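Below is target-v2.tsv, which holds TSV, C-alpha atoms.
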chain	number	residue	atom	x	y	z
A	1	MET	CA	0.00	0.00	0.00
A	2	ILE	CA	1.32	3.45	-0.98
A	3	GLN	CA	1.04	6.32	1.52
A	4	TYR	CA	2.15	9.96	1.41
A	5	ARG	CA	2.95	12.02	4.48
A	6	GLU	CA	5.12	14.73	5.98
A	7	ILE	CA	8.16	13.49	7.91
A	8	ALA	CA	10.92	15.03	10.02
A	9	SER	CA	14.03	15.88	7.99
A	10	CYS	CA	16.08	13.48	10.14
A	11	GLN	CA	13.90	10.62	8.84
A	12	ALA	CA	14.85	11.22	5.20
A	13	PRO	CA	17.30	8.45	4.20
A	14	MET	CA	20.57	9.99	3.00
A	15	SER	CA	21.13	7.08	0.61
A	16	LEU	CA	17.86	7.95	-1.14
A	17	LEU	CA	18.53	11.71	-1.22
A	18	LEU	CA	21.91	11.01	-2.84
A	19	GLU	CA	20.09	9.43	-5.80
A	20	ALA	CA	18.86	12.92	-6.80
A	21	ASP	CA	21.76	15.04	-5.53
A	22	PRO	CA	25.23	13.47	-5.45
A	23	SER	CA	26.60	15.95	-2.89
A	24	GLN	CA	26.02	15.03	0.74
A	25	GLU	CA	27.46	18.43	1.68
A	26	CYS	CA	24.79	20.24	-0.37
A	27	ILE	CA	22.04	17.99	1.00
A	28	LEU	CA	23.03	18.69	4.60
A	29	LYS	CA	22.94	22.45	3.92
A	30	TYR	CA	19.37	22.51	2.64
A	31	LEU	CA	17.96	19.63	4.67
A	32	LYS	CA	18.16	21.20	8.13
A	33	TYR	CA	15.94	24.19	7.28
A	34	SER	CA	13.42	22.31	5.17
A	35	GLN	CA	10.19	20.36	5.35
A	36	CYS	CA	10.20	16.78	4.12
A	37	PHE	CA	7.50	14.69	2.57
A	38	ALA	CA	7.73	10.95	1.98
A	39	VAL	CA	6.10	8.27	-0.06
A	40	LEU	CA	5.98	4.96	1.76
A	41	LYS	CA	5.27	1.46	0.57
A	42	ASP	CA	4.47	-0.94	3.39
A	43	SER	CA	6.06	1.53	5.88
A	44	LEU	CA	9.34	1.68	3.88
A	45	ILE	CA	10.32	5.14	2.63
A	46	ILE	CA	10.68	4.84	-1.14
A	47	GLY	CA	10.53	8.54	-2.01
A	48	VAL	CA	11.41	11.89	-0.45
A	49	CYS	CA	10.74	15.51	-1.33
A	50	VAL	CA	12.69	18.26	0.47
A	51	VAL	CA	11.02	21.70	0.39
A	52	LYS	CA	12.13	24.98	1.90
A	53	VAL	CA	9.64	27.81	2.43
A	54	LEU	CA	11.33	30.96	1.09
A	55	ASN	CA	8.78	33.52	2.26
A	56	CYS	CA	5.11	33.53	3.12
A	57	GLY	CA	4.04	32.83	-0.46
A	58	SER	CA	6.78	30.78	-2.12
A	59	ALA	CA	8.81	27.64	-1.60
A	60	GLU	CA	11.61	25.76	-3.35
A	61	ILE	CA	11.96	22.04	-3.93
A	62	PHE	CA	15.59	21.09	-3.34
A	63	ASN	CA	15.33	17.32	-3.71
A	64	LEU	CA	12.69	15.03	-5.15
A	65	VAL	CA	13.49	11.36	-5.48
A	66	VAL	CA	11.80	7.99	-5.83
A	67	ALA	CA	13.95	4.90	-5.31
A	68	PRO	CA	15.09	3.49	-8.68
A	69	ALA	CA	13.21	0.21	-8.16
A	70	PHE	CA	9.94	2.18	-7.96
A	71	GLN	CA	10.49	4.63	-10.81
A	72	LYS	CA	8.46	4.65	-14.05
A	73	GLN	CA	5.33	3.46	-12.24
A	74	GLY	CA	3.60	6.83	-11.81
A	75	ILE	CA	4.60	7.08	-8.15
A	76	GLY	CA	6.74	10.20	-8.65
A	77	LYS	CA	3.97	12.08	-10.45
A	78	LYS	CA	1.39	11.22	-7.77
A	79	PHE	CA	3.92	12.11	-5.07
A	80	LEU	CA	4.71	15.53	-6.55
A	81	LYS	CA	0.98	16.25	-6.94
A	82	TYR	CA	0.53	15.38	-3.26
A	83	VAL	CA	3.38	17.71	-2.25
A	84	LEU	CA	2.08	20.59	-4.38
A	85	ASN	CA	-1.42	20.19	-2.91
A	86	GLN	CA	-0.01	20.14	0.63
A	87	LEU	CA	2.01	23.30	-0.05
A	88	ALA	CA	-1.05	25.04	-1.51
A	89	LYS	CA	-3.02	24.16	1.65
A	90	LYS	CA	-0.25	25.88	3.65
A	91	GLY	CA	-0.69	29.08	1.65
A	92	ILE	CA	2.20	28.62	-0.78
A	93	GLU	CA	1.36	30.24	-4.13
A	94	SER	CA	4.48	29.44	-6.16
A	95	VAL	CA	7.04	26.65	-6.09
A	96	LYS	CA	10.50	26.88	-7.63
A	97	LEU	CA	13.09	24.24	-8.35
A	98	GLY	CA	16.28	23.74	-10.29
A	99	THR	CA	17.17	20.86	-12.59
A	100	GLY	CA	19.56	19.98	-15.38
A	101	THR	CA	19.03	21.41	-18.85
A	102	PHE	CA	18.17	18.05	-20.39
A	103	GLY	CA	16.84	14.66	-19.41
A	104	TYR	CA	13.53	13.18	-18.36
A	105	GLN	CA	13.28	15.43	-15.28
A	106	LEU	CA	12.58	18.53	-17.37
A	107	ASN	CA	9.66	16.84	-19.15
A	108	PHE	CA	8.38	15.40	-15.86
A	109	TYR	CA	8.14	18.83	-14.22
A	110	GLN	CA	6.65	20.53	-17.28
A	111	GLN	CA	3.85	17.94	-17.37
A	112	LEU	CA	2.87	19.09	-13.88
A	113	GLY	CA	2.68	22.78	-14.72
A	114	PHE	CA	6.24	23.98	-14.14
A	115	HIS	CA	7.73	26.32	-16.72
A	116	VAL	CA	11.21	27.73	-17.34
A	117	ASP	CA	11.93	30.86	-15.33
A	118	SER	CA	15.68	31.26	-15.89
A	119	VAL	CA	18.96	29.49	-16.59
A	120	VAL	CA	21.93	29.51	-14.22
A	121	SER	CA	25.03	29.09	-16.38
A	122	ASN	CA	27.74	26.74	-15.11
A	123	PHE	CA	25.81	25.92	-11.91
A	124	PHE	CA	26.85	22.27	-11.79
A	125	LEU	CA	30.45	23.10	-12.71
A	126	GLU	CA	30.76	25.71	-9.96
A	127	ASN	CA	28.80	24.00	-7.15
A	128	TYR	CA	29.81	20.33	-7.37
A	129	SER	CA	33.32	19.01	-6.89
A	130	GLU	CA	32.66	15.99	-9.13
A	131	PRO	CA	31.17	16.23	-12.62
A	132	ILE	CA	27.57	15.02	-12.99
A	133	PHE	CA	26.77	12.99	-16.10
A	134	GLU	CA	23.45	11.82	-17.49
A	135	ASN	CA	23.31	9.61	-20.58
A	136	GLY	CA	27.00	10.34	-21.16
A	137	ILE	CA	26.52	14.14	-21.21
A	138	GLN	CA	27.89	16.37	-18.47
A	139	HIS	CA	25.45	18.67	-16.69
A	140	LYS	CA	26.74	22.25	-16.72
A	141	ASP	CA	23.81	24.66	-16.52
A	142	MET	CA	20.75	24.54	-14.28
A	143	ILE	CA	17.26	25.44	-15.44
A	144	ARG	CA	15.15	27.21	-12.81
A	145	LEU	CA	11.49	26.22	-13.08
A	146	VAL	CA	8.43	27.69	-11.37
A	147	CYS	CA	4.86	26.51	-10.86
A	148	GLN	CA	2.01	28.78	-9.77
A	149	LEU	CA	-0.24	26.95	-7.30
A	150	LYS	CA	-2.94	29.56	-6.81
A	151	ASN	CA	-6.35	28.25	-7.89
A	152	LYS	CA	-4.89	24.91	-9.08
A	153	GLU	CA	-5.55	21.42	-7.87
A	154	PHE	CA	-3.21	18.65	-8.84

Mind turning this structure into C-alpha cells?
Amino acid sequence: MIQYREIASCQAPMSLLLEADPSQECILKYLKYSQCFAVLKDSLIIGVCVVKVLNCGSAEIFNLVVAPAFQKQGIGKKFLKYVLNQLAKKGIESVKLGTGTFGYQLNFYQQLGFHVDSVVSNFFLENYSEPIFENGIQHKDMIRLVCQLKNKEF
C-alpha cells in the first residue's frame, strides 16, 4: 500500500537523497531548514521531497526522489501532486526548483505545470566538486522552473 505524508528531515534516508543530488554536503545544507515529505510502501520510505519555504508565499523544492526500483510506475507524479497540494493548503502560491538542462526530469516537471523561469550558467560546474553525467553528457547549466499553485488542484 502506498502512503504519502510529511516526515521530520532526520527521517529522510541519505542514501535515497543522494540518488537525486550526489553531494552530501549540499544535502546537509538545505535539509536542516526544510520540510520533508515521503512516499511509503508498506512503511518503507521509497521517495522523499525536500522543500524549503522561502517567504510567506513561495517555496523551493531542493530534492525530489523515488527509489530506482519504484520509478516509471507513476509514483513520482502522484507524489509531486501530493506535495504541491499540501504546499497550496499551507498558503504557498508558487514553487520553484532547479534541474539539469536536459533529461527526463525537465519533461516530468513541465507535465505538472512547471515552466522555465531562468537558466543559471555553469551551476553544476561551480557548485559540485565531481562532474555530474546523465546519458554520457555532463550537466553544466541549471534550469530554474516555477509553478504557480494559486487556484490549481493537482

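Counting from atom CA of Arg144 of chain A, the distance to atom CA of Leu97 of chain A is 5.7 Å.
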
Exercise for the section: Using all atoms listed in the file, pick whichever of A:Ala20, A:Leu80, A:Asp117, A:Met1 has the shortest atom-to-atom distance to Ile45 of chain A. Expected result: A:Met1

Practice task
Tell me which protein, DNA and RNA residues are within 9 Å of Gln3 of chain A, counting only C-alpha atoms, leaving out same-chain ones fewer than 2 positions away, and put them as a PyMOL selection string.
Solution key: chain A and resi 1+5+38-43

Give me, as a Markdown table, each residue of segment 3-30 of chain A that comes within 10 Å of segment 59-69 of chain A, together with its shortest interatomic pair and the distance in Å at one decimal, counting all atoms listed in the file, with rows ordered by chain and rising residue number.
| residue | atom | partner | partner_atom | distance |
| --- | --- | --- | --- | --- |
| A:Ser15 | CA | A:Ala67 | CA | 9.6 |
| A:Leu16 | CA | A:Ala67 | CA | 6.5 |
| A:Leu17 | CA | A:Val65 | CA | 6.6 |
| A:Leu18 | CA | A:Val65 | CA | 8.8 |
| A:Glu19 | CA | A:Val65 | CA | 6.9 |
| A:Ala20 | CA | A:Val65 | CA | 5.7 |
| A:Asp21 | CA | A:Asn63 | CA | 7.1 |
| A:Cys26 | CA | A:Phe62 | CA | 9.7 |
| A:Ile27 | CA | A:Asn63 | CA | 8.2 |
| A:Tyr30 | CA | A:Phe62 | CA | 7.2 |

Selection to disk with C-alpha atoms, as a CSV table (one decimal), in the coordinates of the input:
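And here is the file that came out, part01.csv:
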chain,number,residue,atom,x,y,z
A,15,SER,CA,21.1,7.1,0.6
A,16,LEU,CA,17.9,8.0,-1.1
A,17,LEU,CA,18.5,11.7,-1.2
A,18,LEU,CA,21.9,11.0,-2.8
A,19,GLU,CA,20.1,9.4,-5.8
A,20,ALA,CA,18.9,12.9,-6.8
A,21,ASP,CA,21.8,15.0,-5.5
A,26,CYS,CA,24.8,20.2,-0.4
A,27,ILE,CA,22.0,18.0,1.0
A,30,TYR,CA,19.4,22.5,2.6

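Distance annotation: of A:Ala88, A:Ile137, A:Leu112, A:Ala12, the residue with the minimal separation from Gly47 of chain A is A:Ala12; atom set is only C-alpha atoms.
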
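Proximity ranking of A:Ser94, A:Ser9, A:Thr99, A:Ser58 relative to Val146 of chain A places A:Ser94 first, based on only C-alpha atoms.
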
Fill in the blank from the handout: Min atom-atom distance to Met142 of chain A from the set A:Asn55, A:Ser121, A:Asn127, A:Gln71, counting only C-alpha atoms, belongs to A:Ser121

Handout entry: Sphere at (9.5, 25.1, -12.1), radius 7 Å, counting all atoms listed in the file: residues as a list in words
Key =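 Residues found, by chain and rising number: Val95, Lys96, Leu97, Tyr109, Phe114, His115, Val116, Arg144, Leu145, Val146 and Cys147 of chain A.
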
Can I get segment 27-38 of chain A with all heavy atoms filled in, as a PDB file, keeping the file's coordinate frame?
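Ended up saving to result.pdb:
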ATOM      1  N   ILE A  27      23.260  18.512   0.379  1.00  0.00           N
ATOM      2  CA  ILE A  27      22.040  17.990   1.000  1.00  0.00           C
ATOM      3  C   ILE A  27      21.953  18.441   2.453  1.00  0.00           C
ATOM      4  O   ILE A  27      20.909  18.915   2.909  1.00  0.00           O
ATOM      5  CB  ILE A  27      21.969  16.455   0.902  1.00  0.00           C
ATOM      6  CG1 ILE A  27      21.783  16.023  -0.557  1.00  0.00           C
ATOM      7  CG2 ILE A  27      20.849  15.895   1.779  1.00  0.00           C
ATOM      8  CD1 ILE A  27      21.967  14.537  -0.802  1.00  0.00           C
ATOM      9  N   LEU A  28      23.043  18.316   3.184  1.00  0.00           N
ATOM     10  CA  LEU A  28      23.030  18.690   4.600  1.00  0.00           C
ATOM     11  C   LEU A  28      22.753  20.180   4.787  1.00  0.00           C
ATOM     12  O   LEU A  28      22.116  20.579   5.765  1.00  0.00           O
ATOM     13  CB  LEU A  28      24.347  18.296   5.265  1.00  0.00           C
ATOM     14  CG  LEU A  28      24.563  16.782   5.415  1.00  0.00           C
ATOM     15  CD1 LEU A  28      25.969  16.488   5.920  1.00  0.00           C
ATOM     16  CD2 LEU A  28      23.509  16.151   6.311  1.00  0.00           C
ATOM     17  N   LYS A  29      23.191  21.003   3.832  1.00  0.00           N
ATOM     18  CA  LYS A  29      22.940  22.450   3.920  1.00  0.00           C
ATOM     19  C   LYS A  29      21.463  22.766   3.796  1.00  0.00           C
ATOM     20  O   LYS A  29      20.931  23.573   4.545  1.00  0.00           O
ATOM     21  CB  LYS A  29      23.728  23.201   2.838  1.00  0.00           C
ATOM     22  CG  LYS A  29      25.185  23.363   3.144  1.00  0.00           C
ATOM     23  CD  LYS A  29      25.862  24.141   2.031  1.00  0.00           C
ATOM     24  CE  LYS A  29      27.359  24.184   2.237  1.00  0.00           C
ATOM     25  NZ  LYS A  29      28.051  24.835   1.113  1.00  0.00           N
ATOM     26  N   TYR A  30      20.777  22.162   2.829  1.00  0.00           N
ATOM     27  CA  TYR A  30      19.370  22.510   2.640  1.00  0.00           C
ATOM     28  C   TYR A  30      18.416  21.678   3.482  1.00  0.00           C
ATOM     29  O   TYR A  30      17.295  22.080   3.748  1.00  0.00           O
ATOM     30  CB  TYR A  30      18.957  22.513   1.163  1.00  0.00           C
ATOM     31  CG  TYR A  30      19.116  21.235   0.373  1.00  0.00           C
ATOM     32  CD1 TYR A  30      18.333  20.115   0.601  1.00  0.00           C
ATOM     33  CD2 TYR A  30      20.045  21.179  -0.678  1.00  0.00           C
ATOM     34  CE1 TYR A  30      18.463  18.967  -0.164  1.00  0.00           C
ATOM     35  CE2 TYR A  30      20.177  20.042  -1.449  1.00  0.00           C
ATOM     36  CZ  TYR A  30      19.385  18.939  -1.190  1.00  0.00           C
ATOM     37  OH  TYR A  30      19.512  17.807  -1.953  1.00  0.00           O
ATOM     38  N   LEU A  31      18.850  20.531   3.940  1.00  0.00           N
ATOM     39  CA  LEU A  31      17.960  19.630   4.670  1.00  0.00           C
ATOM     40  C   LEU A  31      17.548  20.180   6.031  1.00  0.00           C
ATOM     41  O   LEU A  31      16.386  20.071   6.421  1.00  0.00           O
ATOM     42  CB  LEU A  31      18.628  18.270   4.838  1.00  0.00           C
ATOM     43  CG  LEU A  31      17.779  17.138   5.385  1.00  0.00           C
ATOM     44  CD1 LEU A  31      16.577  16.874   4.497  1.00  0.00           C
ATOM     45  CD2 LEU A  31      18.624  15.876   5.516  1.00  0.00           C
ATOM     46  N   LYS A  32      18.468  20.815   6.748  1.00  0.00           N
ATOM     47  CA  LYS A  32      18.160  21.200   8.130  1.00  0.00           C
ATOM     48  C   LYS A  32      17.133  22.323   8.256  1.00  0.00           C
ATOM     49  O   LYS A  32      16.531  22.482   9.301  1.00  0.00           O
ATOM     50  CB  LYS A  32      19.435  21.528   8.897  1.00  0.00           C
ATOM     51  CG  LYS A  32      20.221  22.693   8.400  1.00  0.00           C
ATOM     52  CD  LYS A  32      21.477  22.854   9.247  1.00  0.00           C
ATOM     53  CE  LYS A  32      22.408  23.884   8.666  1.00  0.00           C
ATOM     54  NZ  LYS A  32      23.603  24.039   9.474  1.00  0.00           N
ATOM     55  N   TYR A  33      16.919  23.098   7.209  1.00  0.00           N
ATOM     56  CA  TYR A  33      15.940  24.190   7.280  1.00  0.00           C
ATOM     57  C   TYR A  33      14.733  23.922   6.382  1.00  0.00           C
ATOM     58  O   TYR A  33      14.071  24.847   5.944  1.00  0.00           O
ATOM     59  CB  TYR A  33      16.596  25.512   6.876  1.00  0.00           C
ATOM     60  CG  TYR A  33      17.723  25.896   7.790  1.00  0.00           C
ATOM     61  CD1 TYR A  33      19.039  25.864   7.347  1.00  0.00           C
ATOM     62  CD2 TYR A  33      17.478  26.270   9.111  1.00  0.00           C
ATOM     63  CE1 TYR A  33      20.083  26.208   8.201  1.00  0.00           C
ATOM     64  CE2 TYR A  33      18.516  26.613   9.961  1.00  0.00           C
ATOM     65  CZ  TYR A  33      19.817  26.580   9.504  1.00  0.00           C
ATOM     66  OH  TYR A  33      20.844  26.909  10.347  1.00  0.00           O
ATOM     67  N   SER A  34      14.456  22.658   6.126  1.00  0.00           N
ATOM     68  CA  SER A  34      13.420  22.310   5.170  1.00  0.00           C
ATOM     69  C   SER A  34      12.354  21.396   5.759  1.00  0.00           C
ATOM     70  O   SER A  34      12.560  20.782   6.799  1.00  0.00           O
ATOM     71  CB  SER A  34      14.065  21.608   3.964  1.00  0.00           C
ATOM     72  OG  SER A  34      14.996  22.447   3.333  1.00  0.00           O
ATOM     73  N   GLN A  35      11.244  21.318   5.043  1.00  0.00           N
ATOM     74  CA  GLN A  35      10.190  20.360   5.350  1.00  0.00           C
ATOM     75  C   GLN A  35      10.432  19.156   4.450  1.00  0.00           C
ATOM     76  O   GLN A  35      10.903  19.302   3.316  1.00  0.00           O
ATOM     77  CB  GLN A  35       8.826  20.929   5.003  1.00  0.00           C
ATOM     78  CG  GLN A  35       8.428  22.150   5.758  1.00  0.00           C
ATOM     79  CD  GLN A  35       7.107  22.669   5.210  1.00  0.00           C
ATOM     80  OE1 GLN A  35       7.109  23.610   4.442  1.00  0.00           O
ATOM     81  NE2 GLN A  35       5.994  22.058   5.596  1.00  0.00           N
ATOM     82  N   CYS A  36      10.056  17.989   4.932  1.00  0.00           N
ATOM     83  CA  CYS A  36      10.200  16.780   4.120  1.00  0.00           C
ATOM     84  C   CYS A  36       8.871  16.046   4.010  1.00  0.00           C
ATOM     85  O   CYS A  36       8.106  15.974   4.973  1.00  0.00           O
ATOM     86  CB  CYS A  36      11.242  15.845   4.727  1.00  0.00           C
ATOM     87  SG  CYS A  36      12.920  16.454   4.623  1.00  0.00           S
ATOM     88  N   PHE A  37       8.646  15.534   2.840  1.00  0.00           N
ATOM     89  CA  PHE A  37       7.500  14.690   2.570  1.00  0.00           C
ATOM     90  C   PHE A  37       8.040  13.346   2.105  1.00  0.00           C
ATOM     91  O   PHE A  37       9.120  13.274   1.522  1.00  0.00           O
ATOM     92  CB  PHE A  37       6.625  15.304   1.474  1.00  0.00           C
ATOM     93  CG  PHE A  37       6.052  16.644   1.857  1.00  0.00           C
ATOM     94  CD1 PHE A  37       6.745  17.808   1.595  1.00  0.00           C
ATOM     95  CD2 PHE A  37       4.811  16.719   2.474  1.00  0.00           C
ATOM     96  CE1 PHE A  37       6.224  19.043   1.950  1.00  0.00           C
ATOM     97  CE2 PHE A  37       4.277  17.953   2.833  1.00  0.00           C
ATOM     98  CZ  PHE A  37       4.982  19.118   2.575  1.00  0.00           C
ATOM     99  N   ALA A  38       7.278  12.290   2.372  1.00  0.00           N
ATOM    100  CA  ALA A  38       7.730  10.950   1.980  1.00  0.00           C
ATOM    101  C   ALA A  38       6.608  10.173   1.332  1.00  0.00           C
ATOM    102  O   ALA A  38       5.430  10.402   1.603  1.00  0.00           O
ATOM    103  CB  ALA A  38       8.247  10.189   3.202  1.00  0.00           C
TER     104      ALA A  38
END
